[in-house]
Amino acid sequence: MTFAAMYLLLPILLAVAWCDLRMLRIPNVLPAATFLLFIALAVVAPPPDLVGRLAGAGAVFALGFLGFALRMVGGGDVKMLPALMLFVPANSLVLFANVFSFSILIGIGAVLSLRQLPEPAVAAWKSLTGPLRFPMGISIALAGIAHPVLLSALGA
């Protein structure tokens with residue numbers, strides 16, 4: 001389900017990155033579409049580790065909710081990351097955590113680099129103007145794309 005589902009998930013992930021970079025907001029329809037896609041795929045071909053995936057997504061949601069309560073992360077991030085976690089096999093959670101951590105570093109570097117562009121070029125991009133805030137959707141999308149590619153490359 002992992003690598004094949006990536007083709008179906010790719011437009012959603014690209015929209016997550018775009019919307020968060022553009023508006024510093026992940027529209028509710030994107031995590032909902034991710035969740036519904038998982039449900040549809042799970043009905044057709046349930047993953048053998050369904051309970052592990054649900055547990056992983058639940059743990060990420062609980063931690064994200066705490067981060068949201070402490071104003072460390074945005075609500076869209078708290079909804080999107082657990083929805084994406086449903087697509088992560090339970091036996092590759094550590095790999096995903098590493099990929100996501102690296103994706104955060106890449107995202108921070110990209111945003112800081114883009115902030116160096118001239119003001120007219122970034123005026124319409126909310127994450128690139130005003131107070132420094134990080135659009136986590138970039139890193140969520142990057143990790144969601146890179147993880148299944150790495151799993152496939154590793155033969156997992």
# chains A, B, ... in the order shown; residues from 1 in each chain; ligands from 1
call {"tool": "residues_around", "arguments": {"residues": "range 57-65 of chain A", "least_positions_apart": "5", "cutoff": "7 Å", "atoms": "only C-alpha atoms", "output": "compact mmCIF listing (two decimals) with C-alpha atoms, in the first residue's frame"}}
result
# COMPACT_ATOMS: atom_id res chain seq x y z
CA VAL A 78 -1.69 18.70 13.98
CA PRO A 82 -1.45 12.07 11.90
CA ALA A 83 -3.42 11.63 8.66
CA MET A 85 1.04 8.68 9.58
CA LEU A 86 -1.75 6.30 8.56
call {"tool": "residues_around", "arguments": {"residues": "Val111 in chain A", "least_positions_apart": "3", "cutoff": "9 Å", "atoms": "only C-alpha atoms", "output": "list in words"}}
result
Leu21, Ile106, Gly107, Ile108, Leu114, Arg115, Gln116, Ser127, Leu128, Phe134 and Pro135 of chain A
call {"tool": "residues_around", "arguments": {"residues": "Leu13 in chain A", "least_positions_apart": "3", "cutoff": "9 Å", "atoms": "only C-alpha atoms", "output": "VMD selection string"}}
result
chain A and resid 9 to 10 16 to 18 30 34 137 to 138 140 to 142 144 to 145
call {"tool": "write_last_selection", "arguments": {"atoms": "N, CA and C atoms", "output": "PDB file, in the first residue's frame"}}
result
ATOM      1  N   LEU A   9      -1.563   9.986  -3.127  1.00  0.00           N
ATOM      2  CA  LEU A   9      -1.350  10.976  -2.065  1.00  0.00           C
ATOM      3  C   LEU A   9      -0.547  12.184  -2.545  1.00  0.00           C
ATOM      4  N   LEU A  10       0.201  12.032  -3.620  1.00  0.00           N
ATOM      5  CA  LEU A  10       1.098  13.087  -4.100  1.00  0.00           C
ATOM      6  C   LEU A  10       0.403  14.428  -4.333  1.00  0.00           C
ATOM      7  N   VAL A  16      -0.612  20.575   0.230  1.00  0.00           N
ATOM      8  CA  VAL A  16      -0.270  20.919   1.618  1.00  0.00           C
ATOM      9  C   VAL A  16       0.935  21.859   1.643  1.00  0.00           C
ATOM     10  N   ALA A  17       1.980  21.499   0.910  1.00  0.00           N
ATOM     11  CA  ALA A  17       3.187  22.338   0.876  1.00  0.00           C
ATOM     12  C   ALA A  17       2.873  23.708   0.294  1.00  0.00           C
ATOM     13  N   TRP A  18       2.150  23.741  -0.805  1.00  0.00           N
ATOM     14  CA  TRP A  18       1.820  24.994  -1.476  1.00  0.00           C
ATOM     15  C   TRP A  18       0.989  25.912  -0.571  1.00  0.00           C
ATOM     16  N   LEU A  30      -7.600  19.067   3.121  1.00  0.00           N
ATOM     17  CA  LEU A  30      -6.423  18.257   2.781  1.00  0.00           C
ATOM     18  C   LEU A  30      -6.187  17.117   3.780  1.00  0.00           C
ATOM     19  N   THR A  34      -6.823  13.106   2.920  1.00  0.00           N
ATOM     20  CA  THR A  34      -5.803  12.102   3.234  1.00  0.00           C
ATOM     21  C   THR A  34      -6.414  10.973   4.049  1.00  0.00           C
ATOM     22  N   GLY A 137       4.011  22.458   6.726  1.00  0.00           N
ATOM     23  CA  GLY A 137       3.450  21.677   5.628  1.00  0.00           C
ATOM     24  C   GLY A 137       4.484  21.296   4.579  1.00  0.00           C
ATOM     25  N   ILE A 138       5.494  22.125   4.399  1.00  0.00           N
ATOM     26  CA  ILE A 138       6.569  21.810   3.464  1.00  0.00           C
ATOM     27  C   ILE A 138       7.278  20.534   3.912  1.00  0.00           C
ATOM     28  N   ILE A 140       6.170  18.254   6.092  1.00  0.00           N
ATOM     29  CA  ILE A 140       5.240  17.126   6.121  1.00  0.00           C
ATOM     30  C   ILE A 140       5.130  16.526   4.720  1.00  0.00           C
ATOM     31  N   ALA A 141       4.968  17.390   3.722  1.00  0.00           N
ATOM     32  CA  ALA A 141       4.863  16.912   2.341  1.00  0.00           C
ATOM     33  C   ALA A 141       6.154  16.231   1.889  1.00  0.00           C
ATOM     34  N   LEU A 142       7.274  16.844   2.178  1.00  0.00           N
ATOM     35  CA  LEU A 142       8.556  16.265   1.770  1.00  0.00           C
ATOM     36  C   LEU A 142       8.770  14.894   2.406  1.00  0.00           C
ATOM     37  N   GLY A 144       6.418  12.891   3.478  1.00  0.00           N
ATOM     38  CA  GLY A 144       5.427  11.990   2.906  1.00  0.00           C
ATOM     39  C   GLY A 144       5.813  11.484   1.536  1.00  0.00           C
ATOM     40  N   ILE A 145       6.578  12.268   0.803  1.00  0.00           N
ATOM     41  CA  ILE A 145       7.055  11.855  -0.523  1.00  0.00           C
ATOM     42  C   ILE A 145       8.323  11.026  -0.400  1.00  0.00           C
TER      43      ILE A 145
END
call {"tool": "atom_distance", "arguments": {"atom1": "CA of Phe35 in chain A", "atom2": "CA of Leu84 in chain A"}}
result
7.8 Å
call {"tool": "select_by_dssp", "arguments": {"residues": "chain A", "states": "alpha helix (DSSP H)", "output": "ChimeraX atom specification"}}
result
/A:2-23,29-44,50-69,75-85,93-114,119-122,137-153
call {"tool": "atom_distance", "arguments": {"atom1": "CA of Val99 in chain A", "atom2": "CA of Met6 in chain A"}}
result
15.4 Å
call {"tool": "residues_around", "arguments": {"residues": "Ala32 in chain A", "least_positions_apart": "4", "cutoff": "9 Å", "atoms": "only C-alpha atoms", "output": "mmCIF file with all heavy atoms, in the first residue's frame"}}
result
data_model
loop_
_atom_site.group_PDB
_atom_site.id
_atom_site.type_symbol
_atom_site.label_atom_id
_atom_site.label_comp_id
_atom_site.auth_asym_id
_atom_site.auth_seq_id
_atom_site.Cartn_x
_atom_site.Cartn_y
_atom_site.Cartn_z
ATOM 1 N N ASN A 28 -8.566 22.436 5.913
ATOM 2 C CA ASN A 28 -9.087 21.200 6.507
ATOM 3 C C ASN A 28 -9.377 20.117 5.483
ATOM 4 O O ASN A 28 -9.320 18.931 5.798
ATOM 5 C CB ASN A 28 -10.359 21.496 7.308
ATOM 6 C CG ASN A 28 -10.062 22.222 8.585
ATOM 7 O OD1 ASN A 28 -8.971 22.137 9.132
ATOM 8 N ND2 ASN A 28 -11.034 22.974 9.067
ATOM 9 N N LEU A 36 -9.629 10.134 4.242
ATOM 10 C CA LEU A 36 -10.599 9.404 3.423
ATOM 11 C C LEU A 36 -9.913 8.492 2.415
ATOM 12 O O LEU A 36 -10.394 7.389 2.140
ATOM 13 C CB LEU A 36 -11.547 10.372 2.725
ATOM 14 C CG LEU A 36 -12.515 11.117 3.645
ATOM 15 C CD1 LEU A 36 -13.304 12.152 2.864
ATOM 16 C CD2 LEU A 36 -13.440 10.130 4.350
ATOM 17 N N LEU A 37 -8.789 8.940 1.865
ATOM 18 C CA LEU A 37 -8.026 8.088 0.948
ATOM 19 C C LEU A 37 -7.522 6.853 1.681
ATOM 20 O O LEU A 37 -7.589 5.731 1.148
ATOM 21 C CB LEU A 37 -6.861 8.880 0.341
ATOM 22 C CG LEU A 37 -5.921 8.101 -0.578
ATOM 23 C CD1 LEU A 37 -6.680 7.545 -1.778
ATOM 24 C CD2 LEU A 37 -4.778 8.992 -1.027
ATOM 25 N N LYS A 79 -3.411 18.199 12.333
ATOM 26 C CA LYS A 79 -4.349 17.322 11.634
ATOM 27 C C LYS A 79 -3.673 16.558 10.492
ATOM 28 O O LYS A 79 -3.971 15.394 10.253
ATOM 29 C CB LYS A 79 -5.520 18.135 11.084
ATOM 30 C CG LYS A 79 -6.417 18.697 12.170
ATOM 31 C CD LYS A 79 -7.496 19.581 11.594
ATOM 32 C CE LYS A 79 -6.954 20.978 11.498
ATOM 33 N NZ LYS A 79 -7.939 21.993 11.174
ATOM 34 N N MET A 80 -2.780 17.222 9.775
ATOM 35 C CA MET A 80 -2.193 16.610 8.580
ATOM 36 C C MET A 80 -1.184 15.521 8.918
ATOM 37 O O MET A 80 -1.169 14.470 8.270
ATOM 38 C CB MET A 80 -1.528 17.697 7.709
ATOM 39 C CG MET A 80 -1.086 17.189 6.359
ATOM 40 S SD MET A 80 -2.479 16.593 5.390
ATOM 41 C CE MET A 80 -1.672 15.350 4.422
ATOM 42 N N ALA A 83 -2.788 12.210 9.849
ATOM 43 C CA ALA A 83 -3.421 11.628 8.657
ATOM 44 C C ALA A 83 -2.365 10.984 7.766
ATOM 45 O O ALA A 83 -2.566 9.880 7.240
ATOM 46 C CB ALA A 83 -4.201 12.696 7.901
#
call {"tool": "residues_around", "arguments": {"residues": "Leu154 in chain A", "least_positions_apart": "5", "cutoff": "12 Å", "atoms": "only C-alpha atoms", "output": "list in words"}}
result
Ser92, Leu95, His147, Pro148 and Val149 of chain A
call {"tool": "closest_atom_pairs", "arguments": {"of": "range 81-132 of chain A", "to": "range 42-49 of chain A", "cutoff": "9 Å", "atoms": "only C-alpha atoms", "output": "tab-separated table"}}
result
residue	atom	partner	partner_atom	distance
A:Pro89	CA	A:Asp49	CA	6.9
A:Ala90	CA	A:Asp49	CA	6.4
A:Asn91	CA	A:Asp49	CA	8.4
call {"tool": "write_last_selection", "arguments": {"atoms": "N, CA, C and O atoms", "output": "PDB file, in the first residue's frame"}}
result
ATOM      1  N   PRO A  89       3.995   2.462   7.383  1.00  0.00           N
ATOM      2  CA  PRO A  89       3.978   1.143   8.028  1.00  0.00           C
ATOM      3  C   PRO A  89       4.568   1.213   9.430  1.00  0.00           C
ATOM      4  O   PRO A  89       5.543   1.929   9.683  1.00  0.00           O
ATOM      5  N   ALA A  90       3.971   0.476  10.346  1.00  0.00           N
ATOM      6  CA  ALA A  90       4.401   0.519  11.747  1.00  0.00           C
ATOM      7  C   ALA A  90       5.860   0.133  11.916  1.00  0.00           C
ATOM      8  O   ALA A  90       6.543   0.656  12.789  1.00  0.00           O
ATOM      9  N   ASN A  91       6.365  -0.755  11.054  1.00  0.00           N
ATOM     10  CA  ASN A  91       7.752  -1.188  11.197  1.00  0.00           C
ATOM     11  C   ASN A  91       8.758  -0.175  10.639  1.00  0.00           C
ATOM     12  O   ASN A  91       9.959  -0.407  10.699  1.00  0.00           O
TER      13      ASN A  91
END
call {"tool": "closest_residue", "arguments": {"among": "A:Leu8, A:Leu93, A:Leu14, A:Leu70", "to": "Ala40 in chain A", "atoms": "only C-alpha atoms"}}
result
A:Leu8
call {"tool": "closest_residue", "arguments": {"among": "A:Met136, A:Ala55, A:Val29, A:Ala5", "to": "Met72 in chain A", "atoms": "only C-alpha atoms"}}
result
A:Met136
call {"tool": "closest_residue", "arguments": {"among": "A:Ala146, A:Ile26, A:Ala124, A:Val73", "to": "Ala97 in chain A", "atoms": "only C-alpha atoms"}}
result
A:Ala146
call {"tool": "closest_residue", "arguments": {"among": "A:Ala121, A:Leu24, A:Leu150, A:Ala143", "to": "Gly74 in chain A", "atoms": "only C-alpha atoms"}}
result
A:Leu24
call {"tool": "decode", "arguments": {"residues": "range 59-72 of chain A", "atoms": "all heavy atoms", "output": "PDB file, in the first residue's frame"}}
result
ATOM      1  N   ALA A  59      -0.779   8.532  18.526  1.00  0.00           N
ATOM      2  CA  ALA A  59       0.300   9.103  19.343  1.00  0.00           C
ATOM      3  C   ALA A  59       0.775  10.435  18.765  1.00  0.00           C
ATOM      4  O   ALA A  59       1.000  11.407  19.513  1.00  0.00           O
ATOM      5  CB  ALA A  59       1.463   8.113  19.434  1.00  0.00           C
ATOM      6  N   VAL A  60       0.899  10.495  17.446  1.00  0.00           N
ATOM      7  CA  VAL A  60       1.320  11.749  16.806  1.00  0.00           C
ATOM      8  C   VAL A  60       0.265  12.831  17.020  1.00  0.00           C
ATOM      9  O   VAL A  60       0.589  13.993  17.277  1.00  0.00           O
ATOM     10  CB  VAL A  60       1.608  11.524  15.305  1.00  0.00           C
ATOM     11  CG1 VAL A  60       1.753  12.836  14.560  1.00  0.00           C
ATOM     12  CG2 VAL A  60       2.863  10.686  15.144  1.00  0.00           C
ATOM     13  N   PHE A  61      -1.015  12.451  16.935  1.00  0.00           N
ATOM     14  CA  PHE A  61      -2.071  13.434  17.186  1.00  0.00           C
ATOM     15  C   PHE A  61      -2.017  13.946  18.622  1.00  0.00           C
ATOM     16  O   PHE A  61      -2.141  15.147  18.863  1.00  0.00           O
ATOM     17  CB  PHE A  61      -3.454  12.848  16.882  1.00  0.00           C
ATOM     18  CG  PHE A  61      -4.555  13.835  17.131  1.00  0.00           C
ATOM     19  CD1 PHE A  61      -4.784  14.874  16.239  1.00  0.00           C
ATOM     20  CD2 PHE A  61      -5.346  13.741  18.259  1.00  0.00           C
ATOM     21  CE1 PHE A  61      -5.784  15.813  16.476  1.00  0.00           C
ATOM     22  CE2 PHE A  61      -6.347  14.670  18.505  1.00  0.00           C
ATOM     23  CZ  PHE A  61      -6.569  15.705  17.609  1.00  0.00           C
ATOM     24  N   ALA A  62      -1.820  13.039  19.578  1.00  0.00           N
ATOM     25  CA  ALA A  62      -1.764  13.452  20.991  1.00  0.00           C
ATOM     26  C   ALA A  62      -0.598  14.414  21.232  1.00  0.00           C
ATOM     27  O   ALA A  62      -0.763  15.450  21.892  1.00  0.00           O
ATOM     28  CB  ALA A  62      -1.643  12.227  21.895  1.00  0.00           C
ATOM     29  N   LEU A  63       0.563  14.083  20.688  1.00  0.00           N
ATOM     30  CA  LEU A  63       1.719  14.977  20.836  1.00  0.00           C
ATOM     31  C   LEU A  63       1.491  16.300  20.110  1.00  0.00           C
ATOM     32  O   LEU A  63       1.859  17.366  20.612  1.00  0.00           O
ATOM     33  CB  LEU A  63       2.985  14.302  20.321  1.00  0.00           C
ATOM     34  CG  LEU A  63       3.517  13.149  21.165  1.00  0.00           C
ATOM     35  CD1 LEU A  63       4.648  12.433  20.444  1.00  0.00           C
ATOM     36  CD2 LEU A  63       3.971  13.655  22.520  1.00  0.00           C
ATOM     37  N   GLY A  64       0.889  16.224  18.935  1.00  0.00           N
ATOM     38  CA  GLY A  64       0.591  17.436  18.184  1.00  0.00           C
ATOM     39  C   GLY A  64      -0.406  18.315  18.899  1.00  0.00           C
ATOM     40  O   GLY A  64      -0.281  19.547  18.907  1.00  0.00           O
ATOM     41  N   PHE A  65      -1.408  17.696  19.518  1.00  0.00           N
ATOM     42  CA  PHE A  65      -2.403  18.460  20.274  1.00  0.00           C
ATOM     43  C   PHE A  65      -1.737  19.196  21.432  1.00  0.00           C
ATOM     44  O   PHE A  65      -2.043  20.361  21.700  1.00  0.00           O
ATOM     45  CB  PHE A  65      -3.510  17.533  20.774  1.00  0.00           C
ATOM     46  CG  PHE A  65      -4.661  18.262  21.389  1.00  0.00           C
ATOM     47  CD1 PHE A  65      -5.612  18.873  20.587  1.00  0.00           C
ATOM     48  CD2 PHE A  65      -4.789  18.356  22.762  1.00  0.00           C
ATOM     49  CE1 PHE A  65      -6.676  19.563  21.148  1.00  0.00           C
ATOM     50  CE2 PHE A  65      -5.841  19.041  23.333  1.00  0.00           C
ATOM     51  CZ  PHE A  65      -6.793  19.646  22.525  1.00  0.00           C
ATOM     52  N   LEU A  66      -0.811  18.516  22.094  1.00  0.00           N
ATOM     53  CA  LEU A  66      -0.063  19.163  23.168  1.00  0.00           C
ATOM     54  C   LEU A  66       0.749  20.336  22.619  1.00  0.00           C
ATOM     55  O   LEU A  66       0.764  21.422  23.195  1.00  0.00           O
ATOM     56  CB  LEU A  66       0.851  18.152  23.865  1.00  0.00           C
ATOM     57  CG  LEU A  66       1.752  18.697  24.969  1.00  0.00           C
ATOM     58  CD1 LEU A  66       0.921  19.260  26.125  1.00  0.00           C
ATOM     59  CD2 LEU A  66       2.687  17.619  25.475  1.00  0.00           C
ATOM     60  N   GLY A  67       1.422  20.117  21.489  1.00  0.00           N
ATOM     61  CA  GLY A  67       2.179  21.191  20.857  1.00  0.00           C
ATOM     62  C   GLY A  67       1.300  22.360  20.442  1.00  0.00           C
ATOM     63  O   GLY A  67       1.689  23.521  20.561  1.00  0.00           O
ATOM     64  N   PHE A  68       0.090  22.052  19.962  1.00  0.00           N
ATOM     65  CA  PHE A  68      -0.854  23.105  19.596  1.00  0.00           C
ATOM     66  C   PHE A  68      -1.294  23.885  20.830  1.00  0.00           C
ATOM     67  O   PHE A  68      -1.372  25.117  20.805  1.00  0.00           O
ATOM     68  CB  PHE A  68      -2.063  22.492  18.885  1.00  0.00           C
ATOM     69  CG  PHE A  68      -3.103  23.494  18.502  1.00  0.00           C
ATOM     70  CD1 PHE A  68      -2.910  24.339  17.419  1.00  0.00           C
ATOM     71  CD2 PHE A  68      -4.282  23.591  19.221  1.00  0.00           C
ATOM     72  CE1 PHE A  68      -3.880  25.274  17.065  1.00  0.00           C
ATOM     73  CE2 PHE A  68      -5.251  24.519  18.878  1.00  0.00           C
ATOM     74  CZ  PHE A  68      -5.053  25.357  17.791  1.00  0.00           C
ATOM     75  N   ALA A  69      -1.570  23.165  21.921  1.00  0.00           N
ATOM     76  CA  ALA A  69      -1.984  23.824  23.165  1.00  0.00           C
ATOM     77  C   ALA A  69      -0.887  24.742  23.691  1.00  0.00           C
ATOM     78  O   ALA A  69      -1.168  25.779  24.289  1.00  0.00           O
ATOM     79  CB  ALA A  69      -2.354  22.782  24.218  1.00  0.00           C
ATOM     80  N   LEU A  70       0.362  24.367  23.452  1.00  0.00           N
ATOM     81  CA  LEU A  70       1.500  25.188  23.887  1.00  0.00           C
ATOM     82  C   LEU A  70       1.908  26.214  22.828  1.00  0.00           C
ATOM     83  O   LEU A  70       2.933  26.875  22.969  1.00  0.00           O
ATOM     84  CB  LEU A  70       2.692  24.283  24.232  1.00  0.00           C
ATOM     85  CG  LEU A  70       2.476  23.320  25.399  1.00  0.00           C
ATOM     86  CD1 LEU A  70       3.652  22.365  25.531  1.00  0.00           C
ATOM     87  CD2 LEU A  70       2.244  24.089  26.693  1.00  0.00           C
ATOM     88  N   ARG A  71       1.112  26.301  21.763  1.00  0.00           N
ATOM     89  CA  ARG A  71       1.352  27.236  20.652  1.00  0.00           C
ATOM     90  C   ARG A  71       2.689  27.012  19.951  1.00  0.00           C
ATOM     91  O   ARG A  71       3.352  27.949  19.516  1.00  0.00           O
ATOM     92  CB  ARG A  71       1.225  28.679  21.121  1.00  0.00           C
ATOM     93  CG  ARG A  71      -0.170  29.003  21.599  1.00  0.00           C
ATOM     94  CD  ARG A  71      -0.269  30.447  22.032  1.00  0.00           C
ATOM     95  NE  ARG A  71      -1.617  30.727  22.454  1.00  0.00           N
ATOM     96  CZ  ARG A  71      -2.406  31.599  21.845  1.00  0.00           C
ATOM     97  NH1 ARG A  71      -1.974  32.279  20.821  1.00  0.00           N
ATOM     98  NH2 ARG A  71      -3.635  31.792  22.279  1.00  0.00           N
ATOM     99  N   MET A  72       3.078  25.743  19.861  1.00  0.00           N
ATOM    100  CA  MET A  72       4.332  25.393  19.190  1.00  0.00           C
ATOM    101  C   MET A  72       4.105  25.000  17.736  1.00  0.00           C
ATOM    102  O   MET A  72       5.026  25.121  16.925  1.00  0.00           O
ATOM    103  CB  MET A  72       5.022  24.253  19.940  1.00  0.00           C
ATOM    104  CG  MET A  72       5.449  24.637  21.343  1.00  0.00           C
ATOM    105  SD  MET A  72       5.977  23.242  22.346  1.00  0.00           S
ATOM    106  CE  MET A  72       7.300  22.573  21.411  1.00  0.00           C
TER     107      MET A  72
END
